[in-house]
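See below for protein_29.pdb, which holds PDB, C-alpha atoms, pLDDT in the B column.
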ATOM      1  CA  MET A   1      84.540 309.175-183.114  1.00 73.00           C
ATOM      2  CA  ALA A   2      85.782 307.805-179.786  1.00 77.00           C
ATOM      3  CA  LEU A   3      87.295 311.196-178.974  1.00 75.00           C
ATOM      4  CA  THR A   4      84.005 312.878-179.855  1.00 73.00           C
ATOM      5  CA  GLY A   5      82.114 310.381-177.693  1.00 77.00           C
ATOM      6  CA  GLY A   6      84.245 311.503-174.754  1.00 80.00           C
ATOM      7  CA  TRP A   7      83.083 315.054-175.342  1.00 74.00           C
ATOM      8  CA  VAL A   8      79.497 313.821-175.048  1.00 73.00           C
ATOM      9  CA  ILE A   9      80.023 311.962-171.779  1.00 82.00           C
ATOM     10  CA  GLY A  10      82.571 314.304-170.218  1.00 83.00           C
ATOM     11  CA  PRO A  11      80.544 317.533-169.873  1.00 76.00           C
ATOM     12  CA  ALA A  12      77.500 315.689-168.528  1.00 78.00           C
ATOM     13  CA  ALA A  13      79.496 313.572-166.059  1.00 85.00           C
ATOM     14  CA  GLY A  14      81.685 316.510-165.070  1.00 85.00           C
ATOM     15  CA  SER A  15      78.706 318.767-164.383  1.00 80.00           C
ATOM     16  CA  PHE A  16      77.030 316.064-162.313  1.00 84.00           C
ATOM     17  CA  LEU A  17      80.155 315.368-160.236  1.00 88.00           C
ATOM     18  CA  ALA A  18      80.925 319.047-159.722  1.00 86.00           C
ATOM     19  CA  ALA A  19      77.388 319.781-158.584  1.00 84.00           C
ATOM     20  CA  ASN A  20      76.999 316.775-156.293  1.00 88.00           C
ATOM     21  CA  ALA A  21      80.503 315.929-155.079  1.00 89.00           C
ATOM     22  CA  GLY A  22      82.491 319.107-155.611  1.00 89.00           C
ATOM     23  CA  PRO A  23      85.145 320.209-158.103  1.00 88.00           C
ATOM     24  CA  ARG A  24      87.954 318.234-156.421  1.00 92.00           C
ATOM     25  CA  VAL A  25      86.159 314.919-156.947  1.00 92.00           C
ATOM     26  CA  MET A  26      85.398 315.928-160.519  1.00 91.00           C
ATOM     27  CA  LEU A  27      89.063 316.753-161.211  1.00 92.00           C
ATOM     28  CA  PHE A  28      90.198 313.521-159.552  1.00 93.00           C
ATOM     29  CA  ALA A  29      87.829 311.565-161.806  1.00 92.00           C
ATOM     30  CA  THR A  30      89.260 313.421-164.797  1.00 91.00           C
ATOM     31  CA  ALA A  31      92.772 312.419-163.717  1.00 93.00           C
ATOM     32  CA  LEU A  32      91.718 308.762-163.481  1.00 92.00           C
ATOM     33  CA  CYS A  33      90.206 308.869-166.955  1.00 89.00           C
ATOM     34  CA  THR A  34      93.378 310.422-168.324  1.00 87.00           C
ATOM     35  CA  LEU A  35      95.488 307.737-166.640  1.00 90.00           C
ATOM     36  CA  ALA A  36      93.222 305.030-168.056  1.00 89.00           C
ATOM     37  CA  GLN A  37      94.308 306.013-171.582  1.00 84.00           C
ATOM     38  CA  ILE A  38      97.551 304.166-170.891  1.00 85.00           C
ATOM     39  CA  VAL A  39      95.749 300.806-170.711  1.00 84.00           C
ATOM     40  CA  PRO A  40      95.095 300.311-174.447  1.00 80.00           C
ATOM     41  CA  LEU A  41      98.643 301.469-175.229  1.00 77.00           C
ATOM     42  CA  LEU A  42     100.022 298.694-173.047  1.00 81.00           C
ATOM     43  CA  THR A  43      98.164 296.097-175.100  1.00 77.00           C
ATOM     44  CA  SER A  44      99.360 297.456-178.445  1.00 69.00           C
ATOM     45  CA  ARG A  45     102.397 295.605-179.793  1.00 67.00           C
ATOM     46  CA  GLY A  46     104.463 295.719-182.921  1.00 57.00           C
ATOM     47  CA  SER A  47     104.303 298.071-185.885  1.00 57.00           C
ATOM     48  CA  ALA A  48     103.144 297.930-189.467  1.00 52.00           C
ATOM     49  CA  PRO A  49     105.625 296.178-191.762  1.00 50.00           C
ATOM     50  CA  ARG A  50     107.400 298.223-194.393  1.00 54.00           C
ATOM     51  CA  GLY A  51     105.298 298.705-197.481  1.00 51.00           C
ATOM     52  CA  THR A  52     101.950 298.424-195.667  1.00 49.00           C
ATOM     53  CA  ARG A  53      99.093 300.164-197.412  1.00 51.00           C
ATOM     54  CA  VAL A  54      97.188 302.689-195.334  1.00 46.00           C
ATOM     55  CA  ASP A  55      93.455 303.138-195.845  1.00 46.00           C
ATOM     56  CA  ILE A  56      92.457 306.839-196.068  1.00 43.00           C
ATOM     57  CA  GLY A  57      88.842 306.465-197.088  1.00 44.00           C
ATOM     58  CA  ALA A  58      88.046 305.937-200.730  1.00 44.00           C
ATOM     59  CA  GLU A  59      91.503 304.645-201.606  1.00 47.00           C
ATOM     60  CA  SER A  60      94.602 303.070-200.068  1.00 49.00           C
ATOM     61  CA  LEU A  61      98.062 304.540-200.273  1.00 49.00           C
ATOM     62  CA  PRO A  62     101.361 302.763-199.647  1.00 51.00           C
ATOM     63  CA  VAL A  63     103.516 303.966-196.764  1.00 49.00           C
ATOM     64  CA  ARG A  64     106.580 305.576-198.284  1.00 50.00           C
ATOM     65  CA  ALA A  65     109.580 307.370-196.857  1.00 50.00           C
ATOM     66  CA  ALA A  66     109.559 310.551-198.937  1.00 56.00           C
ATOM     67  CA  LYS A  67     111.004 314.025-198.640  1.00 69.00           C
ATOM     68  CA  PRO A  68     108.557 316.318-200.406  1.00 71.00           C
ATOM     69  CA  ARG A  69     109.675 319.711-201.624  1.00 76.00           C
ATOM     70  CA  LEU A  70     108.185 322.896-200.219  1.00 76.00           C
ATOM     71  CA  ARG A  71     106.354 323.592-203.477  1.00 80.00           C
ATOM     72  CA  GLN A  72     104.653 320.203-203.267  1.00 81.00           C
ATOM     73  CA  MET A  73     103.615 320.961-199.699  1.00 88.00           C
ATOM     74  CA  THR A  74     102.053 324.361-200.475  1.00 91.00           C
ATOM     75  CA  PRO A  75      98.432 323.108-200.866  1.00 91.00           C
ATOM     76  CA  LEU A  76      98.744 321.124-197.624  1.00 93.00           C
ATOM     77  CA  LEU A  77     100.155 324.116-195.744  1.00 93.00           C
ATOM     78  CA  MET A  78      97.386 326.355-197.080  1.00 94.00           C
ATOM     79  CA  PHE A  79      94.724 323.881-196.032  1.00 95.00           C
ATOM     80  CA  THR A  80      96.302 323.446-192.598  1.00 95.00           C
ATOM     81  CA  ALA A  81      96.390 327.220-192.079  1.00 95.00           C
ATOM     82  CA  LEU A  82      92.681 327.448-192.928  1.00 95.00           C
ATOM     83  CA  TYR A  83      91.939 324.535-190.617  1.00 95.00           C
ATOM     84  CA  MET A  84      93.759 326.433-187.868  1.00 95.00           C
ATOM     85  CA  CYS A  85      91.408 329.372-188.391  1.00 95.00           C
ATOM     86  CA  VAL A  86      88.449 327.069-187.795  1.00 94.00           C
ATOM     87  CA  TYR A  87      90.065 325.279-184.840  1.00 93.00           C
ATOM     88  CA  ALA A  88      91.092 328.535-183.120  1.00 93.00           C
ATOM     89  CA  GLY A  89      87.425 329.194-182.423  1.00 92.00           C
ATOM     90  CA  GLU A  90      87.246 326.092-180.232  1.00 91.00           C
ATOM     91  CA  SER A  91      89.812 327.364-177.723  1.00 91.00           C
ATOM     92  CA  ILE A  92      87.976 330.692-177.554  1.00 94.00           C
ATOM     93  CA  LYS A  93      84.628 328.993-177.102  1.00 93.00           C
ATOM     94  CA  TYR A  94      85.670 326.521-174.421  1.00 89.00           C
ATOM     95  CA  ALA A  95      87.522 329.249-172.515  1.00 91.00           C
ATOM     96  CA  TYR A  96      84.766 331.856-172.501  1.00 95.00           C
ATOM     97  CA  LEU A  97      81.438 330.148-173.208  1.00 95.00           C
ATOM     98  CA  PRO A  98      81.317 328.514-169.716  1.00 92.00           C
ATOM     99  CA  ILE A  99      82.187 331.886-168.141  1.00 93.00           C
ATOM    100  CA  TYR A 100      79.467 333.555-170.176  1.00 95.00           C
ATOM    101  CA  MET A 101      76.886 330.918-169.227  1.00 95.00           C
ATOM    102  CA  ASN A 102      77.809 331.012-165.538  1.00 91.00           C
ATOM    103  CA  GLU A 103      78.451 334.680-164.817  1.00 91.00           C
ATOM    104  CA  GLN A 104      76.161 336.506-167.215  1.00 93.00           C
ATOM    105  CA  LEU A 105      73.369 334.121-168.157  1.00 94.00           C
ATOM    106  CA  ARG A 106      73.345 332.366-164.743  1.00 91.00           C
ATOM    107  CA  LEU A 107      72.545 328.980-166.251  1.00 91.00           C
ATOM    108  CA  THR A 108      72.449 325.920-163.995  1.00 88.00           C
ATOM    109  CA  PRO A 109      75.403 323.494-164.200  1.00 82.00           C
ATOM    110  CA  ALA A 110      73.154 320.811-165.666  1.00 81.00           C
ATOM    111  CA  LEU A 111      71.917 323.117-168.428  1.00 90.00           C
ATOM    112  CA  GLY A 112      75.430 324.384-169.103  1.00 88.00           C
ATOM    113  CA  GLY A 113      76.721 320.818-169.356  1.00 82.00           C
ATOM    114  CA  ALA A 114      73.912 319.919-171.747  1.00 87.00           C
ATOM    115  CA  ILE A 115      74.786 322.897-173.964  1.00 92.00           C
ATOM    116  CA  ILE A 116      78.446 321.901-174.086  1.00 87.00           C
ATOM    117  CA  GLY A 117      77.627 318.221-174.625  1.00 83.00           C
ATOM    118  CA  VAL A 118      75.170 318.649-177.494  1.00 90.00           C
ATOM    119  CA  GLN A 119      77.907 319.591-179.975  1.00 90.00           C
ATOM    120  CA  PRO A 120      79.819 316.287-179.908  1.00 85.00           C
ATOM    121  CA  LEU A 121      76.516 314.407-179.899  1.00 87.00           C
ATOM    122  CA  VAL A 122      75.676 316.066-183.204  1.00 92.00           C
ATOM    123  CA  GLU A 123      79.209 315.360-184.421  1.00 90.00           C
ATOM    124  CA  LEU A 124      78.822 311.636-183.811  1.00 88.00           C
ATOM    125  CA  ALA A 125      75.633 311.560-185.837  1.00 90.00           C
ATOM    126  CA  LEU A 126      77.080 313.588-188.706  1.00 92.00           C
ATOM    127  CA  MET A 127      80.509 311.969-189.137  1.00 91.00           C
ATOM    128  CA  PRO A 128      79.271 308.941-191.148  1.00 91.00           C
ATOM    129  CA  LEU A 129      76.879 311.195-193.056  1.00 93.00           C
ATOM    130  CA  ALA A 130      79.734 313.590-193.899  1.00 92.00           C
ATOM    131  CA  VAL A 131      81.698 310.753-195.492  1.00 91.00           C
ATOM    132  CA  PHE A 132      78.643 309.659-197.491  1.00 92.00           C
ATOM    133  CA  VAL A 133      77.869 313.188-198.733  1.00 93.00           C
ATOM    134  CA  ALA A 134      81.513 314.022-199.474  1.00 91.00           C
ATOM    135  CA  ARG A 135      81.758 311.109-201.913  1.00 90.00           C
ATOM    136  CA  ARG A 136      79.061 312.783-203.986  1.00 90.00           C
ATOM    137  CA  THR A 137      79.779 316.495-203.559  1.00 88.00           C
ATOM    138  CA  GLY A 138      83.529 316.565-202.898  1.00 89.00           C
ATOM    139  CA  MET A 139      85.176 317.008-199.526  1.00 92.00           C
ATOM    140  CA  MET A 140      86.366 320.579-200.066  1.00 91.00           C
ATOM    141  CA  ARG A 141      82.884 321.814-200.972  1.00 91.00           C
ATOM    142  CA  LEU A 142      81.464 320.219-197.859  1.00 94.00           C
ATOM    143  CA  MET A 143      84.139 321.913-195.752  1.00 95.00           C
ATOM    144  CA  ILE A 144      83.200 325.309-197.178  1.00 95.00           C
ATOM    145  CA  LEU A 145      79.658 324.693-195.959  1.00 95.00           C
ATOM    146  CA  ALA A 146      80.975 323.557-192.568  1.00 96.00           C
ATOM    147  CA  ALA A 147      83.037 326.740-192.201  1.00 96.00           C
ATOM    148  CA  GLY A 148      79.846 328.682-192.944  1.00 96.00           C
ATOM    149  CA  PHE A 149      78.193 326.806-190.080  1.00 97.00           C
ATOM    150  CA  GLY A 150      81.050 328.053-187.888  1.00 96.00           C
ATOM    151  CA  VAL A 151      80.273 331.646-188.809  1.00 97.00           C
ATOM    152  CA  ALA A 152      76.587 331.189-187.966  1.00 97.00           C
ATOM    153  CA  ALA A 153      77.364 329.342-184.711  1.00 97.00           C
ATOM    154  CA  ASN A 154      79.596 332.064-183.343  1.00 97.00           C
ATOM    155  CA  ILE A 155      77.103 334.740-184.320  1.00 97.00           C
ATOM    156  CA  CYS A 156      74.546 332.815-182.235  1.00 97.00           C
ATOM    157  CA  PHE A 157      76.928 332.847-179.259  1.00 97.00           C
ATOM    158  CA  ALA A 158      77.592 336.567-179.670  1.00 96.00           C
ATOM    159  CA  THR A 159      74.058 337.845-180.210  1.00 96.00           C
ATOM    160  CA  THR A 160      71.296 335.603-178.852  1.00 94.00           C
ATOM    161  CA  GLY A 161      71.854 335.757-175.088  1.00 93.00           C
ATOM    162  CA  THR A 162      69.578 332.765-174.395  1.00 95.00           C
ATOM    163  CA  ALA A 163      70.055 329.078-173.677  1.00 95.00           C
ATOM    164  CA  LEU A 164      68.121 328.295-176.872  1.00 96.00           C
ATOM    165  CA  GLY A 165      70.520 330.428-178.887  1.00 96.00           C
ATOM    166  CA  LEU A 166      73.505 328.684-177.336  1.00 97.00           C
ATOM    167  CA  PHE A 167      71.984 325.295-178.143  1.00 96.00           C
ATOM    168  CA  ALA A 168      71.544 326.439-181.752  1.00 97.00           C
ATOM    169  CA  GLY A 169      75.152 327.577-181.876  1.00 96.00           C
ATOM    170  CA  GLN A 170      76.420 324.292-180.473  1.00 96.00           C
ATOM    171  CA  ILE A 171      74.331 322.288-182.938  1.00 96.00           C
ATOM    172  CA  LEU A 172      75.836 324.308-185.771  1.00 97.00           C
ATOM    173  CA  MET A 173      79.307 323.713-184.331  1.00 96.00           C
ATOM    174  CA  GLY A 174      78.472 320.018-184.331  1.00 94.00           C
ATOM    175  CA  GLY A 175      77.998 320.393-188.081  1.00 95.00           C
ATOM    176  CA  VAL A 176      81.398 322.058-188.352  1.00 95.00           C
ATOM    177  CA  TRP A 177      83.276 319.293-186.573  1.00 93.00           C
ATOM    178  CA  GLY A 178      81.182 316.468-187.945  1.00 92.00           C
ATOM    179  CA  VAL A 179      82.763 317.421-191.269  1.00 95.00           C
ATOM    180  CA  PHE A 180      86.257 318.550-190.257  1.00 94.00           C
ATOM    181  CA  ALA A 181      86.866 315.789-187.713  1.00 89.00           C
ATOM    182  CA  ALA A 182      85.811 313.104-190.182  1.00 89.00           C
ATOM    183  CA  LEU A 183      87.430 314.446-193.338  1.00 93.00           C
ATOM    184  CA  GLY A 184      90.203 316.858-192.344  1.00 93.00           C
ATOM    185  CA  ILE A 185      93.058 314.388-192.156  1.00 91.00           C
ATOM    186  CA  VAL A 186      91.872 312.612-195.310  1.00 92.00           C
ATOM    187  CA  VAL A 187      92.055 315.877-197.258  1.00 93.00           C
ATOM    188  CA  ALA A 188      95.477 316.606-195.767  1.00 93.00           C
ATOM    189  CA  GLN A 189      96.794 313.206-196.871  1.00 92.00           C
ATOM    190  CA  ARG A 190      95.411 313.542-200.377  1.00 91.00           C
ATOM    191  CA  LEU A 191      97.003 316.977-200.759  1.00 91.00           C
ATOM    192  CA  LEU A 192     100.390 315.314-200.225  1.00 90.00           C
ATOM    193  CA  PRO A 193      99.861 311.723-201.387  1.00 88.00           C
ATOM    194  CA  THR A 194     103.585 310.987-201.793  1.00 88.00           C
ATOM    195  CA  ALA A 195     104.219 311.604-198.063  1.00 88.00           C
ATOM    196  CA  VAL A 196     101.118 310.607-196.123  1.00 89.00           C
ATOM    197  CA  ALA A 197     102.910 310.447-192.766  1.00 87.00           C
ATOM    198  CA  THR A 198     104.306 313.965-193.219  1.00 88.00           C
ATOM    199  CA  ALA A 199     100.874 315.273-194.166  1.00 90.00           C
ATOM    200  CA  SER A 200      99.306 313.630-191.119  1.00 90.00           C
ATOM    201  CA  ALA A 201     101.968 314.995-188.772  1.00 90.00           C
ATOM    202  CA  ILE A 202     101.647 318.568-190.074  1.00 91.00           C
ATOM    203  CA  PHE A 203      97.863 318.484-189.919  1.00 91.00           C
ATOM    204  CA  MET A 204      97.611 316.941-186.441  1.00 89.00           C
ATOM    205  CA  SER A 205     100.286 319.155-184.870  1.00 89.00           C
ATOM    206  CA  SER A 206      98.532 322.289-186.093  1.00 90.00           C
ATOM    207  CA  ALA A 207      95.907 321.917-183.349  1.00 88.00           C
ATOM    208  CA  ALA A 208      98.362 323.002-180.638  1.00 87.00           C
ATOM    209  CA  VAL A 209      99.428 326.089-182.589  1.00 91.00           C
ATOM    210  CA  SER A 210      95.809 326.887-183.346  1.00 92.00           C
ATOM    211  CA  SER A 211      94.856 326.633-179.665  1.00 91.00           C
ATOM    212  CA  ALA A 212      97.588 329.115-178.787  1.00 92.00           C
ATOM    213  CA  MET A 213      96.422 331.428-181.557  1.00 93.00           C
ATOM    214  CA  GLY A 214      92.822 331.200-180.349  1.00 93.00           C
ATOM    215  CA  GLY A 215      93.826 331.784-176.744  1.00 93.00           C
ATOM    216  CA  LEU A 216      95.722 334.947-177.659  1.00 94.00           C
ATOM    217  CA  ALA A 217      92.956 336.241-179.929  1.00 95.00           C
ATOM    218  CA  GLY A 218      90.294 335.413-177.338  1.00 94.00           C
ATOM    219  CA  GLY A 219      92.166 337.153-174.530  1.00 94.00           C
ATOM    220  CA  LEU A 220      92.674 340.283-176.603  1.00 95.00           C
ATOM    221  CA  GLY A 221      89.070 340.150-177.759  1.00 95.00           C
ATOM    222  CA  VAL A 222      87.646 339.893-174.246  1.00 95.00           C
ATOM    223  CA  ALA A 223      89.849 342.760-173.085  1.00 94.00           C
ATOM    224  CA  THR A 224      88.709 344.890-176.034  1.00 95.00           C
ATOM    225  CA  ILE A 225      85.054 344.109-176.709  1.00 96.00           C
ATOM    226  CA  GLY A 226      84.116 341.818-173.782  1.00 94.00           C
ATOM    227  CA  LEU A 227      81.606 339.000-173.563  1.00 93.00           C
ATOM    228  CA  PRO A 228      79.670 337.859-175.555  1.00 95.00           C
ATOM    229  CA  LEU A 229      80.984 339.932-178.482  1.00 96.00           C
ATOM    230  CA  VAL A 230      84.309 338.109-178.274  1.00 96.00           C
ATOM    231  CA  PHE A 231      82.647 335.287-180.229  1.00 96.00           C
ATOM    232  CA  LEU A 232      82.672 337.551-183.271  1.00 97.00           C
ATOM    233  CA  VAL A 233      86.436 336.900-183.389  1.00 96.00           C
ATOM    234  CA  PRO A 234      86.073 333.165-184.191  1.00 96.00           C
ATOM    235  CA  ALA A 235      83.226 334.110-186.546  1.00 97.00           C
ATOM    236  CA  LEU A 236      85.741 336.210-188.477  1.00 97.00           C
ATOM    237  CA  PHE A 237      88.232 333.338-188.433  1.00 96.00           C
ATOM    238  CA  ALA A 238      85.550 331.070-189.886  1.00 96.00           C
ATOM    239  CA  VAL A 239      84.822 333.595-192.652  1.00 97.00           C
ATOM    240  CA  ILE A 240      88.515 333.587-193.562  1.00 96.00           C
ATOM    241  CA  ALA A 241      88.469 329.777-193.609  1.00 96.00           C
ATOM    242  CA  ALA A 242      85.361 329.624-195.818  1.00 96.00           C
ATOM    243  CA  VAL A 243      86.781 332.099-198.338  1.00 96.00           C
ATOM    244  CA  GLY A 244      90.153 330.345-198.387  1.00 95.00           C
ATOM    245  CA  LEU A 245      88.603 326.909-198.845  1.00 95.00           C
ATOM    246  CA  ALA A 246      86.487 328.256-201.683  1.00 93.00           C
ATOM    247  CA  ARG A 247      89.651 329.484-203.394  1.00 91.00           C
ATOM    248  CA  MET A 248      91.385 326.148-202.802  1.00 89.00           C
ATOM    249  CA  SER A 249      88.481 324.170-204.212  1.00 83.00           C
ATOM    250  CA  SER A 250      89.227 325.537-207.690  1.00 72.00           C
ATOM    251  CA  PHE A 251      92.763 324.111-207.425  1.00 59.00           C
ATOM    252  CA  THR A 252      91.560 320.696-206.232  1.00 54.00           C
ATOM    253  CA  ALA A 253      88.523 320.262-208.464  1.00 49.00           C
ATOM    254  CA  HIS A 254      89.653 316.764-209.422  1.00 46.00           C
ATOM    255  CA  GLY A 255      91.110 315.882-206.000  1.00 52.00           C
ATOM    256  CA  PRO A 256      89.657 316.321-202.486  1.00 58.00           C
TER     257      PRO A 256
END
Give the structure from this file in structure tokens form.
Amino acid sequence: MALTGGWVIGPAAGSFLAANAGPRVMLFATALCTLAQIVPLLTSRGSAPRGTRVDIGAESLPVRAAKPRLRQMTPLLMFTALYMCVYAGESIKYAYLPIYMNEQLRLTPALGGAIIGVQPLVELALMPLAVFVARRTGMMRLMILAAGFGVAANICFATTGTALGLFAGQILMGGVWGVFAALGIVVAQRLLPTAVATASAIFMSSAAVSSAMGGLAGGLGVATIGLPLVFLVPALFAVIAAVGLARMSSFTAHGP
């Protein structure tokens, strides 16, 4: 939630600084904020003792040193691959949505910053709600719905051509990440409960690979179909994720 809060403040503050003080001041402020992340690390000491139980939501699991077999990891790897399909859309969006707003729609920096910032604002509101709803409906079912939101959001980006349409798309994307950001790592850990640290590492490291995948797909998409139709590419990724999660839900009916 702290990371998401930064995405609320950052676009608004960045747009204000860029418009009033220039891009160099804005980038310098970004560098200072990045450097400031070191401060809490300096105050963190020690590590969890062996055998500590780690809270992952509805239950606690003991920390164990385990070497799971590939067959045991298959559900986790499938889920991570589907998560990558969803996450790839973010690198496409943040690369090309600002260009689209600036060069084709000619939106003001303040309006563009508000459009970018509304997504994490929605995320913050939905994260606690996602946990509450997931306990009653199941996390995997809720993620299927969230992937559907991703399809609708990218269709808004590709077809509406108005600030209102972009706001609608960003609100829908807030629904996507309000679910995935709150529950993704919990599902990953429960799909490999005998090796929670391994599950966490695989899931978290997939974001870098997904960003590269999205960057490549976005570049090829822009070169082929241009803006704003390039946003149909992440819409297709989200369709793949929704279908795959629906298939997985039958295998995890009594789990996530």
*Return as a PyMOL selection string the set of residues that the PyMOL selection byres ((chain A and resi 138-149) around 10) yields on the displayed structure.*
chain A and resi 79+82-83+85-86+130-131+133-137+150-155+169+171-180+183-184+186-187+235+237-250+252-256
12 Å contact set for Val118 in chain A, all atoms listed in the file, chain neighbours under 5 positions out, as a PDB file with C-alpha atoms, in the frame of the given file:
ATOM      1  CA  THR A   4      84.005 312.878-179.855  1.00 73.00           C
ATOM      2  CA  GLY A   5      82.114 310.381-177.693  1.00 77.00           C
ATOM      3  CA  GLY A   6      84.245 311.503-174.754  1.00 80.00           C
ATOM      4  CA  TRP A   7      83.083 315.054-175.342  1.00 74.00           C
ATOM      5  CA  VAL A   8      79.497 313.821-175.048  1.00 73.00           C
ATOM      6  CA  ILE A   9      80.023 311.962-171.779  1.00 82.00           C
ATOM      7  CA  GLY A  10      82.571 314.304-170.218  1.00 83.00           C
ATOM      8  CA  PRO A  11      80.544 317.533-169.873  1.00 76.00           C
ATOM      9  CA  ALA A  12      77.500 315.689-168.528  1.00 78.00           C
ATOM     10  CA  LEU A 111      71.917 323.117-168.428  1.00 90.00           C
ATOM     11  CA  GLY A 112      75.430 324.384-169.103  1.00 88.00           C
ATOM     12  CA  GLY A 113      76.721 320.818-169.356  1.00 82.00           C
ATOM     13  CA  GLU A 123      79.209 315.360-184.421  1.00 90.00           C
ATOM     14  CA  LEU A 124      78.822 311.636-183.811  1.00 88.00           C
ATOM     15  CA  ALA A 125      75.633 311.560-185.837  1.00 90.00           C
ATOM     16  CA  LEU A 164      68.121 328.295-176.872  1.00 96.00           C
ATOM     17  CA  LEU A 166      73.505 328.684-177.336  1.00 97.00           C
ATOM     18  CA  PHE A 167      71.984 325.295-178.143  1.00 96.00           C
ATOM     19  CA  ALA A 168      71.544 326.439-181.752  1.00 97.00           C
ATOM     20  CA  GLY A 169      75.152 327.577-181.876  1.00 96.00           C
ATOM     21  CA  GLN A 170      76.420 324.292-180.473  1.00 96.00           C
ATOM     22  CA  ILE A 171      74.331 322.288-182.938  1.00 96.00           C
ATOM     23  CA  LEU A 172      75.836 324.308-185.771  1.00 97.00           C
ATOM     24  CA  MET A 173      79.307 323.713-184.331  1.00 96.00           C
ATOM     25  CA  GLY A 174      78.472 320.018-184.331  1.00 94.00           C
ATOM     26  CA  GLY A 175      77.998 320.393-188.081  1.00 95.00           C
TER      27      GLY A 175
END
*How far is it from CA of Ser15 in chain A to CA of Thr34 in chain A, in Å with one decimal?*
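Distance reported for this atom pair: 17.3 Å.
One finds CA of Ser210 in chain A at 28.0 Å from CA of Pro40 in chain A.
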*Name the residues that the PyMOL selection byres ((chain A and resi 92) around 8) picks from the file above, as a PyMOL selection string, using the file's chain letters and numbers.*
chain A and resi 88-91+93-97+214-215+217-218+231+234
Where atoms are absent from range 137-148 of chain A, fill them in so it carries N, CA, C and O atoms, then output it as a PDB file, in the frame of the given file.
ATOM      1  N   THR A 137      79.630 315.059-203.328  1.00 88.00           N
ATOM      2  CA  THR A 137      79.779 316.495-203.559  1.00 88.00           C
ATOM      3  C   THR A 137      81.240 316.944-203.597  1.00 88.00           C
ATOM      4  O   THR A 137      81.530 318.035-204.090  1.00 88.00           O
ATOM      5  N   GLY A 138      82.147 316.136-203.050  1.00 89.00           N
ATOM      6  CA  GLY A 138      83.529 316.565-202.898  1.00 89.00           C
ATOM      7  C   GLY A 138      83.771 317.047-201.479  1.00 89.00           C
ATOM      8  O   GLY A 138      82.929 317.757-200.903  1.00 89.00           O
ATOM      9  N   MET A 139      84.904 316.670-200.923  1.00 92.00           N
ATOM     10  CA  MET A 139      85.176 317.008-199.526  1.00 92.00           C
ATOM     11  C   MET A 139      85.389 318.501-199.314  1.00 92.00           C
ATOM     12  O   MET A 139      84.942 319.071-198.321  1.00 92.00           O
ATOM     13  N   MET A 140      86.071 319.161-200.244  1.00 91.00           N
ATOM     14  CA  MET A 140      86.366 320.579-200.066  1.00 91.00           C
ATOM     15  C   MET A 140      85.090 321.413-200.069  1.00 91.00           C
ATOM     16  O   MET A 140      84.940 322.346-199.284  1.00 91.00           O
ATOM     17  N   ARG A 141      84.156 321.083-200.936  1.00 91.00           N
ATOM     18  CA  ARG A 141      82.884 321.814-200.972  1.00 91.00           C
ATOM     19  C   ARG A 141      82.122 321.655-199.662  1.00 91.00           C
ATOM     20  O   ARG A 141      81.521 322.604-199.149  1.00 91.00           O
ATOM     21  N   LEU A 142      82.155 320.454-199.122  1.00 94.00           N
ATOM     22  CA  LEU A 142      81.464 320.219-197.859  1.00 94.00           C
ATOM     23  C   LEU A 142      82.130 321.000-196.730  1.00 94.00           C
ATOM     24  O   LEU A 142      81.446 321.497-195.827  1.00 94.00           O
ATOM     25  N   MET A 143      83.439 321.159-196.784  1.00 95.00           N
ATOM     26  CA  MET A 143      84.139 321.913-195.752  1.00 95.00           C
ATOM     27  C   MET A 143      83.846 323.402-195.837  1.00 95.00           C
ATOM     28  O   MET A 143      83.836 324.104-194.827  1.00 95.00           O
ATOM     29  N   ILE A 144      83.613 323.901-197.033  1.00 95.00           N
ATOM     30  CA  ILE A 144      83.200 325.309-197.178  1.00 95.00           C
ATOM     31  C   ILE A 144      81.881 325.529-196.443  1.00 95.00           C
ATOM     32  O   ILE A 144      81.705 326.508-195.702  1.00 95.00           O
ATOM     33  N   LEU A 145      80.941 324.614-196.649  1.00 95.00           N
ATOM     34  CA  LEU A 145      79.658 324.693-195.959  1.00 95.00           C
ATOM     35  C   LEU A 145      79.850 324.603-194.452  1.00 95.00           C
ATOM     36  O   LEU A 145      79.229 325.360-193.685  1.00 95.00           O
ATOM     37  N   ALA A 146      80.731 323.706-194.000  1.00 96.00           N
ATOM     38  CA  ALA A 146      80.975 323.557-192.568  1.00 96.00           C
ATOM     39  C   ALA A 146      81.570 324.827-191.966  1.00 96.00           C
ATOM     40  O   ALA A 146      81.205 325.231-190.857  1.00 96.00           O
ATOM     41  N   ALA A 147      82.484 325.473-192.687  1.00 96.00           N
ATOM     42  CA  ALA A 147      83.037 326.740-192.201  1.00 96.00           C
ATOM     43  C   ALA A 147      81.943 327.802-192.103  1.00 96.00           C
ATOM     44  O   ALA A 147      81.941 328.627-191.177  1.00 96.00           O
ATOM     45  N   GLY A 148      81.000 327.769-193.032  1.00 96.00           N
ATOM     46  CA  GLY A 148      79.846 328.682-192.944  1.00 96.00           C
ATOM     47  C   GLY A 148      79.018 328.421-191.699  1.00 96.00           C
ATOM     48  O   GLY A 148      78.513 329.363-191.063  1.00 96.00           O
TER      49      GLY A 148
END
